[in-house]
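Asks: This is protein32.cif, which holds mmCIF, C-alpha atoms:
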```cif
data_work
loop_
_atom_site.label_atom_id
_atom_site.label_comp_id
_atom_site.auth_asym_id
_atom_site.auth_seq_id
_atom_site.Cartn_x
_atom_site.Cartn_y
_atom_site.Cartn_z
CA MET A 295 93.32 19.07 -45.26
CA ALA A 296 96.13 20.95 -46.90
CA ASN A 297 97.82 17.73 -48.08
CA LEU A 298 94.86 16.73 -50.25
CA LYS A 299 96.63 17.42 -53.51
CA LYS A 300 95.31 16.75 -56.93
CA THR A 301 97.29 14.20 -58.87
CA PRO A 302 98.82 16.07 -61.78
CA GLN A 303 97.17 15.21 -65.07
CA ILE A 304 99.23 13.43 -67.67
CA ASN A 305 99.48 15.39 -70.85
CA ALA A 306 97.69 13.20 -73.34
CA ALA A 307 98.00 15.43 -76.35
CA SER A 308 100.77 13.35 -77.94
CA MET A 309 98.91 10.13 -77.30
CA ALA A 310 97.06 10.53 -80.58
CA ASP A 311 100.32 10.89 -82.47
CA ILE A 312 101.77 7.82 -80.84
CA SER A 313 98.77 5.76 -81.76
CA PHE A 314 98.90 7.16 -85.29
CA ILE A 315 102.47 5.92 -85.64
CA LEU A 316 101.40 2.48 -84.45
CA PHE A 317 98.48 2.55 -86.84
CA ILE A 318 100.65 3.43 -89.82
CA PHE A 319 103.11 0.71 -88.85
CA PHE A 320 100.32 -1.87 -88.98
CA LEU A 321 99.10 -0.55 -92.28
CA MET A 322 102.55 -1.10 -93.74
CA VAL A 323 103.38 -4.56 -92.46
CA THR A 324 100.06 -6.30 -92.88
CA THR A 325 98.22 -7.48 -95.94
CA MET A 326 94.55 -6.99 -96.29
CA GLY A 327 93.44 -9.11 -99.21
CA THR A 328 91.91 -12.42 -98.41
CA ASP A 329 93.00 -15.18 -100.69
CA TYR A 330 90.54 -16.91 -102.91
CA GLY A 331 91.32 -19.96 -104.92
CA LEU A 332 90.15 -23.12 -106.57
CA ILE A 333 91.00 -25.82 -104.08
CA ARG A 334 91.96 -29.18 -105.54
CA GLN A 335 93.29 -32.47 -104.28
CA LEU A 336 96.14 -33.97 -106.27
CA PRO A 337 96.32 -37.74 -106.60
CA PRO A 338 99.27 -39.33 -104.81
CA MET A 339 102.22 -40.23 -106.98
CA SER A 340 102.51 -43.90 -107.75
CA ASP A 341 105.43 -45.57 -109.46
CA VAL A 342 103.21 -48.11 -111.15
CA PRO A 343 101.76 -46.84 -114.40
CA ASN A 344 98.03 -47.42 -114.18
CA GLU A 345 97.43 -48.76 -117.63
CA GLY A 346 95.28 -51.56 -116.29
CA THR A 347 92.47 -49.31 -115.16
CA GLU A 348 91.08 -48.30 -118.48
CA ILE A 349 87.86 -46.40 -117.97
CA ASN A 350 85.06 -46.85 -120.44
CA LYS A 351 85.06 -44.04 -122.95
CA ARG A 352 81.46 -43.04 -122.26
CA ASN A 353 82.35 -42.34 -118.62
CA VAL A 354 85.07 -39.87 -119.43
CA PHE A 355 84.53 -36.27 -120.39
CA VAL A 356 87.74 -35.40 -122.17
CA VAL A 357 88.65 -31.75 -122.41
CA SER A 358 91.91 -30.93 -124.11
CA ILE A 359 93.48 -27.55 -124.64
CA ASN A 360 96.28 -27.06 -127.16
CA GLN A 361 99.12 -24.55 -127.20
CA HIS A 362 96.97 -22.01 -129.02
CA ASN A 363 94.43 -22.25 -126.21
CA ASN A 364 91.85 -23.95 -128.44
CA LEU A 365 89.48 -26.26 -126.71
CA MET A 366 88.46 -29.73 -127.74
CA VAL A 367 85.61 -31.33 -125.85
CA ARG A 368 84.89 -35.01 -126.51
CA GLY A 369 86.47 -34.83 -129.94
CA GLU A 370 84.90 -31.57 -131.13
CA TYR A 371 86.24 -28.05 -131.25
CA LYS A 372 84.28 -25.88 -128.84
CA ASP A 373 84.43 -22.45 -127.32
CA ILE A 374 85.21 -22.26 -123.63
CA SER A 375 81.90 -20.55 -122.92
CA GLN A 376 80.09 -23.72 -124.04
CA LEU A 377 82.04 -25.90 -121.62
CA ARG A 378 79.82 -25.39 -118.60
CA GLU A 379 76.62 -26.41 -120.37
CA MET A 380 78.32 -29.42 -121.93
CA ALA A 381 79.72 -30.61 -118.61
CA LYS A 382 76.32 -30.16 -116.96
CA ASP A 383 74.71 -32.14 -119.72
CA PHE A 384 77.29 -34.90 -119.30
CA PHE A 385 76.86 -35.23 -115.52
CA ASP A 386 73.07 -34.79 -115.53
CA LEU A 387 71.43 -37.79 -113.88
CA ARG A 388 68.32 -37.61 -116.07
CA ASN A 389 70.27 -38.14 -119.26
CA ALA A 390 70.44 -41.74 -120.35
CA GLY A 391 72.04 -43.09 -123.47
CA ASP A 392 75.22 -44.40 -124.91
CA GLU A 393 76.98 -41.07 -124.92
CA TYR A 394 76.27 -40.43 -121.24
CA PRO A 395 78.04 -42.13 -118.31
CA GLU A 396 76.71 -45.40 -116.92
CA LYS A 397 74.04 -45.03 -114.30
CA ILE A 398 73.57 -47.13 -111.20
CA GLN A 399 70.81 -47.33 -108.58
CA GLU A 400 72.07 -46.80 -105.07
CA ASP A 401 70.51 -46.48 -101.65
CA LEU A 402 72.11 -43.42 -100.08
CA PRO A 403 71.65 -42.13 -96.54
CA LEU A 404 69.32 -39.09 -96.21
CA ILE A 405 68.28 -39.37 -99.83
CA GLY A 406 67.16 -42.93 -100.40
CA LEU A 407 67.22 -44.85 -103.63
CA THR A 408 68.56 -42.66 -106.39
CA THR A 409 70.16 -43.02 -109.75
CA ILE A 410 73.73 -41.82 -109.75
CA ASN A 411 76.58 -41.87 -112.21
CA LYS A 412 78.60 -45.04 -111.67
CA THR A 413 81.83 -43.40 -112.66
CA ALA A 414 81.95 -40.11 -114.42
CA VAL A 415 85.19 -38.24 -114.59
CA VAL A 416 86.48 -35.19 -116.35
CA SER A 417 89.90 -35.58 -117.84
CA LEU A 418 91.46 -32.19 -118.35
CA GLN A 419 94.45 -32.43 -120.65
CA ASN A 420 96.72 -29.66 -121.69
CA ASP A 421 99.77 -28.91 -123.71
CA ARG A 422 102.95 -27.50 -122.19
CA GLY A 423 102.26 -24.32 -124.10
CA THR A 424 98.69 -23.83 -122.88
CA SER A 425 98.30 -20.59 -120.97
CA TYR A 426 97.48 -20.80 -117.31
CA LYS A 427 94.60 -18.40 -117.78
CA THR A 428 92.78 -20.73 -120.17
CA TYR A 429 93.47 -23.70 -117.93
CA ILE A 430 91.96 -21.92 -114.92
CA GLN A 431 88.98 -20.84 -117.01
CA ALA A 432 88.37 -24.46 -117.97
CA GLN A 433 88.79 -25.58 -114.36
CA ASN A 434 86.40 -22.86 -113.29
CA GLU A 435 83.74 -23.80 -115.83
CA LEU A 436 83.95 -27.49 -114.89
CA ALA A 437 83.72 -26.65 -111.19
CA GLY A 438 80.83 -24.33 -111.98
CA ALA A 439 78.98 -27.14 -113.73
CA VAL A 440 79.34 -29.42 -110.71
CA HIS A 441 78.31 -26.64 -108.32
CA GLU A 442 75.19 -25.87 -110.36
CA LEU A 443 74.19 -29.52 -110.49
CA ARG A 444 74.69 -29.88 -106.75
CA ASP A 445 72.54 -26.81 -106.15
CA GLU A 446 69.78 -28.11 -108.39
CA PHE A 447 69.87 -31.54 -106.77
CA CYS A 448 69.79 -30.10 -103.25
CA LEU A 449 66.92 -27.76 -104.11
CA GLN A 450 64.97 -30.72 -105.40
CA LYS A 451 65.74 -33.05 -102.48
CA PHE A 452 66.15 -30.76 -99.49
CA GLY A 453 64.58 -27.54 -100.69
CA LYS A 454 67.70 -25.46 -100.24
CA LYS A 455 70.97 -24.76 -101.97
CA TYR A 456 74.07 -26.90 -101.43
CA ASP A 457 75.83 -24.31 -99.31
CA ASP A 458 72.84 -24.02 -96.98
CA CYS A 459 72.56 -27.78 -96.42
CA THR A 460 73.81 -29.51 -93.30
CA GLN A 461 77.25 -31.09 -93.23
CA GLU A 462 75.80 -34.61 -93.59
CA GLN A 463 73.71 -33.60 -96.57
CA GLN A 464 76.69 -31.90 -98.17
CA ASP A 465 78.80 -35.00 -97.61
CA VAL A 466 76.33 -37.25 -99.38
CA VAL A 467 75.72 -34.94 -102.30
CA GLY A 468 79.34 -33.84 -102.58
CA LYS A 469 80.90 -37.28 -102.36
CA ASP A 470 78.38 -39.73 -103.77
CA VAL A 471 76.05 -37.91 -106.10
CA PHE A 472 78.16 -35.21 -107.69
CA PRO A 473 81.81 -35.58 -106.72
CA MET A 474 84.25 -33.00 -108.03
CA ALA A 475 85.75 -35.56 -110.36
CA ILE A 476 88.26 -33.52 -112.29
CA SER A 477 91.21 -35.73 -112.98
CA GLU A 478 94.50 -34.02 -112.23
CA ALA A 479 96.25 -37.29 -112.89
CA GLU A 480 99.15 -37.97 -115.19
CA PRO A 481 99.53 -34.90 -117.31
CA LYS A 482 99.35 -35.78 -120.93
CA ASP A 483 101.26 -33.74 -123.36
CA ILE A 484 98.86 -33.53 -126.26
CA SER A 485 101.49 -32.62 -128.79
CA LYS A 486 103.55 -35.68 -127.82
CA THR A 487 100.74 -38.22 -127.81
CA LYS A 488 99.81 -37.34 -131.35
CA LYS A 489 103.16 -38.45 -132.75
CA MET B 213 69.42 44.43 -75.34
CA ALA B 214 72.91 45.57 -76.03
CA LYS B 215 73.76 44.62 -72.52
CA PHE B 216 72.81 41.04 -73.08
CA ARG B 217 74.54 40.77 -76.38
CA LYS B 218 77.85 41.67 -74.84
CA ASP B 219 77.68 38.65 -72.62
CA THR B 220 77.00 36.22 -75.42
CA ILE B 221 80.13 37.02 -77.42
CA SER B 222 81.91 33.70 -77.23
CA GLU B 223 84.98 32.01 -78.56
CA THR B 224 84.55 28.90 -80.61
CA PRO B 225 84.91 26.07 -78.15
CA GLU B 226 88.01 23.92 -78.50
CA LEU B 227 87.57 20.52 -80.02
CA ALA B 228 87.82 17.81 -77.44
CA THR B 229 90.68 15.59 -78.59
CA THR B 230 90.90 13.40 -75.57
CA SER B 231 89.03 10.59 -77.26
CA LEU B 232 91.13 10.73 -80.43
CA PRO B 233 93.72 8.23 -79.21
CA ASP B 234 90.94 5.80 -78.35
CA ILE B 235 89.46 6.10 -81.81
CA ILE B 236 92.84 5.46 -83.43
CA PHE B 237 93.43 2.53 -81.12
CA MET B 238 90.15 1.08 -82.18
CA LEU B 239 91.25 1.39 -85.80
CA ILE B 240 94.51 -0.34 -84.96
CA PHE B 241 92.71 -3.22 -83.32
CA PHE B 242 90.44 -3.53 -86.31
CA PHE B 243 93.42 -3.79 -88.63
CA MET B 244 95.24 -6.18 -86.34
CA VAL B 245 92.32 -8.53 -86.35
CA THR B 246 91.43 -8.40 -90.03
CA THR B 247 94.88 -8.49 -91.58
CA SER B 248 97.79 -10.82 -91.46
CA MET B 249 101.49 -10.13 -91.45
CA ARG B 250 103.14 -9.91 -94.79
CA LYS B 251 105.54 -12.80 -95.02
CA SER B 252 107.69 -11.95 -97.97
CA THR B 253 107.81 -9.48 -100.76
CA VAL B 254 106.61 -10.76 -104.06
CA LEU B 255 109.36 -10.59 -106.63
CA VAL B 256 107.34 -11.69 -109.61
CA LEU B 257 104.66 -10.03 -111.63
CA GLN B 258 101.28 -11.44 -110.76
CA ARG B 259 98.01 -10.88 -112.44
CA MET B 260 95.80 -13.65 -111.16
CA PRO B 261 93.28 -15.19 -113.50
CA ASP B 262 89.62 -14.48 -112.83
CA ALA B 263 87.33 -17.22 -111.61
CA THR B 264 83.80 -17.39 -110.30
CA GLU B 265 83.82 -20.66 -108.38
CA VAL B 266 86.55 -19.74 -105.92
CA LYS B 267 86.54 -20.55 -102.23
CA LYS B 268 88.10 -18.54 -99.48
CA LEU B 269 91.35 -19.94 -98.15
CA GLU B 270 90.78 -20.63 -94.48
CA ASN B 271 93.54 -20.74 -91.91
CA LYS B 272 96.32 -18.73 -93.43
CA SER B 273 98.83 -20.23 -91.02
CA LEU B 274 98.47 -23.55 -92.83
CA VAL B 275 99.07 -22.13 -96.26
CA SER B 276 102.44 -22.00 -97.97
CA TYR B 277 102.81 -19.96 -101.10
CA ILE B 278 104.55 -20.65 -104.37
CA ASN B 279 104.72 -17.61 -106.64
CA ILE B 280 105.29 -18.07 -110.33
CA GLY B 281 105.59 -15.37 -112.94
CA ALA B 282 107.93 -13.09 -114.81
CA PRO B 283 110.16 -10.82 -112.70
CA ARG B 284 108.79 -7.39 -111.86
CA PRO B 285 109.29 -4.73 -114.56
CA GLU B 286 111.94 -2.81 -112.60
CA GLN B 287 114.05 -5.95 -112.37
CA GLN B 288 113.53 -7.18 -115.88
CA SER B 289 116.65 -5.42 -117.18
CA LEU B 290 118.67 -7.52 -114.76
CA LEU B 291 116.76 -10.77 -114.73
CA GLY B 292 115.04 -10.92 -118.08
CA THR B 293 111.42 -11.75 -118.68
CA ALA B 294 111.59 -15.54 -118.41
CA THR B 295 109.11 -17.08 -115.97
CA ARG B 296 110.53 -17.79 -112.55
CA ILE B 297 109.47 -19.52 -109.39
CA GLN B 298 109.68 -17.67 -106.10
CA LEU B 299 109.88 -19.53 -102.81
CA ASN B 300 110.04 -17.44 -99.65
CA ASP B 301 112.17 -14.45 -100.57
CA LYS B 302 114.18 -15.70 -103.50
CA PHE B 303 113.96 -17.26 -106.91
CA ALA B 304 114.25 -21.00 -107.07
CA ALA B 305 114.30 -23.92 -109.45
CA VAL B 306 111.61 -26.58 -109.69
CA ASP B 307 113.60 -29.17 -107.73
CA GLU B 308 114.03 -26.79 -104.80
CA ILE B 309 110.29 -27.07 -104.12
CA GLN B 310 110.82 -30.44 -102.45
CA GLU B 311 113.14 -28.83 -99.92
CA PHE B 312 110.76 -25.92 -99.46
CA ILE B 313 107.80 -28.17 -98.70
CA ALA B 314 109.89 -30.17 -96.24
CA SER B 315 110.88 -27.01 -94.35
CA GLU B 316 107.29 -25.75 -94.39
CA ARG B 317 106.19 -29.07 -92.91
CA GLU B 318 108.73 -28.82 -90.13
CA LYS B 319 107.26 -25.50 -89.04
CA ARG B 320 103.85 -27.02 -88.35
CA SER B 321 102.69 -29.48 -85.74
CA GLU B 322 101.98 -33.03 -86.75
CA ASN B 323 98.23 -32.56 -86.71
CA ASP B 324 98.42 -29.51 -88.92
CA GLN B 325 100.64 -31.16 -91.51
CA LYS B 326 97.74 -33.06 -93.02
CA LEU B 327 95.76 -29.87 -93.42
CA MET B 328 98.51 -27.93 -95.12
CA THR B 329 97.59 -26.28 -98.37
CA THR B 330 99.95 -25.07 -101.03
CA ALA B 331 98.64 -21.98 -102.72
CA LEU B 332 99.88 -21.63 -106.26
CA LYS B 333 99.95 -17.95 -107.07
CA ILE B 334 100.57 -18.02 -110.76
CA ASP B 335 100.46 -15.25 -113.31
CA GLU B 336 97.90 -15.80 -116.03
CA GLU B 337 100.52 -15.57 -118.78
CA VAL B 338 102.51 -18.52 -117.47
CA ARG B 339 102.60 -21.61 -119.68
CA MET B 340 101.18 -24.84 -118.32
CA GLY B 341 104.44 -26.74 -118.84
CA LEU B 342 106.04 -25.21 -115.78
CA VAL B 343 102.82 -25.47 -113.78
CA THR B 344 102.66 -29.18 -114.58
CA ASP B 345 106.26 -29.63 -113.46
CA VAL B 346 105.48 -27.89 -110.18
CA LYS B 347 102.35 -29.99 -109.68
CA GLN B 348 104.27 -33.20 -110.34
CA THR B 349 106.90 -32.17 -107.80
CA LEU B 350 104.20 -31.45 -105.24
CA ARG B 351 102.69 -34.87 -105.86
CA ARG B 352 106.08 -36.44 -105.38
CA CYS B 353 106.49 -34.86 -101.96
CA GLY B 354 102.94 -35.58 -100.95
CA ALA B 355 101.72 -32.00 -100.71
CA LEU B 356 98.42 -32.93 -102.29
CA ARG B 357 96.11 -30.15 -101.19
CA ILE B 358 96.60 -27.27 -103.55
CA SER B 359 94.78 -24.10 -104.35
CA TYR B 360 94.98 -22.24 -107.61
CA THR B 361 94.82 -18.68 -106.39
CA ALA B 362 92.44 -16.63 -108.47
CA ARG B 363 90.65 -13.33 -108.32
CA LYS B 364 87.01 -13.53 -107.41
CA ALA B 365 84.88 -12.32 -110.27
CA ASP B 366 81.14 -12.26 -110.84
CA LYS B 367 81.46 -13.51 -114.36
CA ILE B 368 84.36 -14.17 -116.64
CA PHE B 369 82.83 -14.03 -120.10
#
```
Mind turning this structure into structure tokens?
Replies:
Amino acid sequence: MANLKKTPQINAASMADISFILFIFFLMVTTMGTDYGLIRQLPPMSDVPNEGTEINKRNVFVVSINQHNNLMVRGEYKDISQLREMAKDFFDLRNAGDEYPEKIQEDLPLIGLTTINKTAVVSLQNDRGTSYKTYIQAQNELAGAVHELRDEFCLQKFGKKYDDCTQEQQDVVGKDVFPMAISEAEPKDISKTKK
Amino acid sequence: MAKFRKDTISETPELATTSLPDIIFMLIFFFMVTTSMRKSTVLVLQRMPDATEVKKLENKSLVSYINIGAPRPEQQSLLGTATRIQLNDKFAAVDEIQEFIASEREKRSENDQKLMTTALKIDEEVRMGLVTDVKQTLRRCGALRISYTARKADKIF
């Protein structure tokens, strides 16, 4: 039994240091922050100028921002903090009248017969000198208006918020009832069109 | 009594450090899982605008970044303060974006190409003229899914 030797223990004292070096290396080369952003879909570029498709004025919610970052909403000077309420008012399905978009009755899956906006789009126009910050604020307020309306609609129909709805419910509400209709189309240079 | 006390004189026991490497390894794994590799150093100054309605960008491997802003303060004596576009690791002109998008596409499989997102990381002081030019170029090359990178805020007013 003399040859029953103990295996010599490995000295693990430096193990901690080695793993510390690895740890610091990872801290240096990786980035932590998750990216958040406003996700948008650009329209495809077409060579044909689409002058033929003139949308009725009452269906368009025109927001223009000039080079001094002043806001004009449907022909009136407004502050950016008013934009969300105005956009909500414009898209609201209960509002009828000449200044609101045309309504249409449609039979939608999961919801049934409902009144929806036939076409209602936001046209966000800016000058070349507009600051990006103001533009994003406007985008954010418009998106916020649509999100709030979706939430209200879903609470009324399904009893829960939009984000908690099933994929099918979200598809119907997100595509047919309240689409994110912010036109990123042909950028208009406000200063030029005035000439 | 004194007899007993003699026996109880003790040294402070040594701290067991055998599990320290395991703890650090656990930390490493945590960081490996939650973070992603830094692709390139940002050469431009970036203060993202605040927004409340932001969504998280899923699938970072499908995202290509376009940075726009003034050069960093330490480089401003060399490069000036004019707004610049950064693609990968260097400054570029607007018409180089087309090439950049094409090379980004090549890196991904065919299925992933449709899901590619271009994240526009733009400083809040940038004028919209340049942003519009970039957007028009992106439309021309068919990179239609974009994301305006913003900082998540609870309220902006």
Asks: Run the PyMOL selection byres ((chain B) within 7 of (chain A)) mentally over the shown coordinates, then write out the matched residues as an NGL selection string, using the chain letters and numbers from the document.
Replies: :B and (232-233 or 236-237 or 240 or 247-250 or 261 or 263-269 or 336-341 or 351-352 or 354 or 356-364)
Asks: Which residues, written as a PyMOL selection string, have at least one atom at most 8 Å from region 350-355 of chain A, with only C-alpha atoms counted and residues fewer than 4 positions away on the same chain left out?
Replies: chain A and resi 367-368+381+384+392-396+413-417
Asks: Please provide as a VMD selection string all residues within 12 Å of Cys448 (chain A), with the sequence filter that same-chain residues fewer than 2 positions apart are discarded (counting all atoms listed in the file).
Replies: chain A and resid 404 to 405 441 to 446 450 to 460 463 to 468 471 to 472
Asks: Need to verify the contact set: Arg296 (chain B), 6 Å, only C-alpha atoms, exclusion of same-chain residues closer than 2 positions in sequence. Can you return it as a list in words?
Replies: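 These residues fall inside the cut-off: Ile280, Gly281 and Ala282 of chain B.
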Asks: Could you give me the axis-aligned bounding box of region 400-419 of chain A, with 6 Å of padding per side, as centre plus edge lengths in Å to one decimal, as AutoDock Vina command-line options?
Replies:
```
--center_x 80.8 --center_y -39.5 --center_z -108.4 --size_x 39.3 --size_y 26.6 --size_z 36.4
```
Asks: Within 9 Å of (108.7, -27.8, -108.7) (coordinates as in the file), grab all the protein and nucleic acid residues, counting all atoms listed in the file, and write them out as an NGL selection string.
Replies: :B and (297 or 304-310 or 342-350)
Asks: Quick one: everything within 10 Å of Thr293 (chain B), counting all atoms listed in the file, minus sequence neighbours fewer than 5 positions away in the same chain. Send it as a ChimeraX atom specification.
Replies: /B:256-257,281-285,287-288
Asks: Go through B:Leu255, B:Ala314, B:Asn279, B:Glu223 and flag the residue nearest Asp335 (chain B), using all atoms listed in the file for the distances.
Replies: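 For Asp335 (chain B), the nearest of the given residues is B:Asn279.
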Asks: Nearest to Lys272 (chain B) among B:Phe241, B:Thr246, B:Ile235, B:Ile368, with distances taken over only C-alpha atoms: which residue is it?
Replies: B:Thr246
Asks: Applied to this file, what does the PyMOL selection byres ((chain A and resi 387) around 7) return in terms of residues, put as a list of chain:residue names?
Replies: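 So the PyMOL selection byres ((chain A and resi 387) around 7) ends up selecting A:Phe385, A:Asp386, A:Arg388, A:Asn389, A:Thr409, A:Ile410, A:Asn411.
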Asks: Given the file shown, determine the residues that the PyMOL selection byres ((chain B and resi 276) around 7) selects; report them as an MDAnalysis selection string.
Replies: chainID B and resid 274:275 277:278 329:331
Asks: Just to confirm, what's the straight-line distance from CA of Ile359 (chain A) to CA of Asp373 (chain A) in Å (one decimal)?
Replies: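 Between CA of Ile359 (chain A) and CA of Asp373 (chain A) the gap is 10.7 Å.
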Asks: To one decimal place, how far is CA of Ser477 (chain A) from CA of Gln419 (chain A) in Å?
Replies: 9.0 Å
Asks: Which distance in Å separates CA of Cys353 (chain B) and CA of Glu311 (chain B), to one decimal?
Replies: 9.2 Å
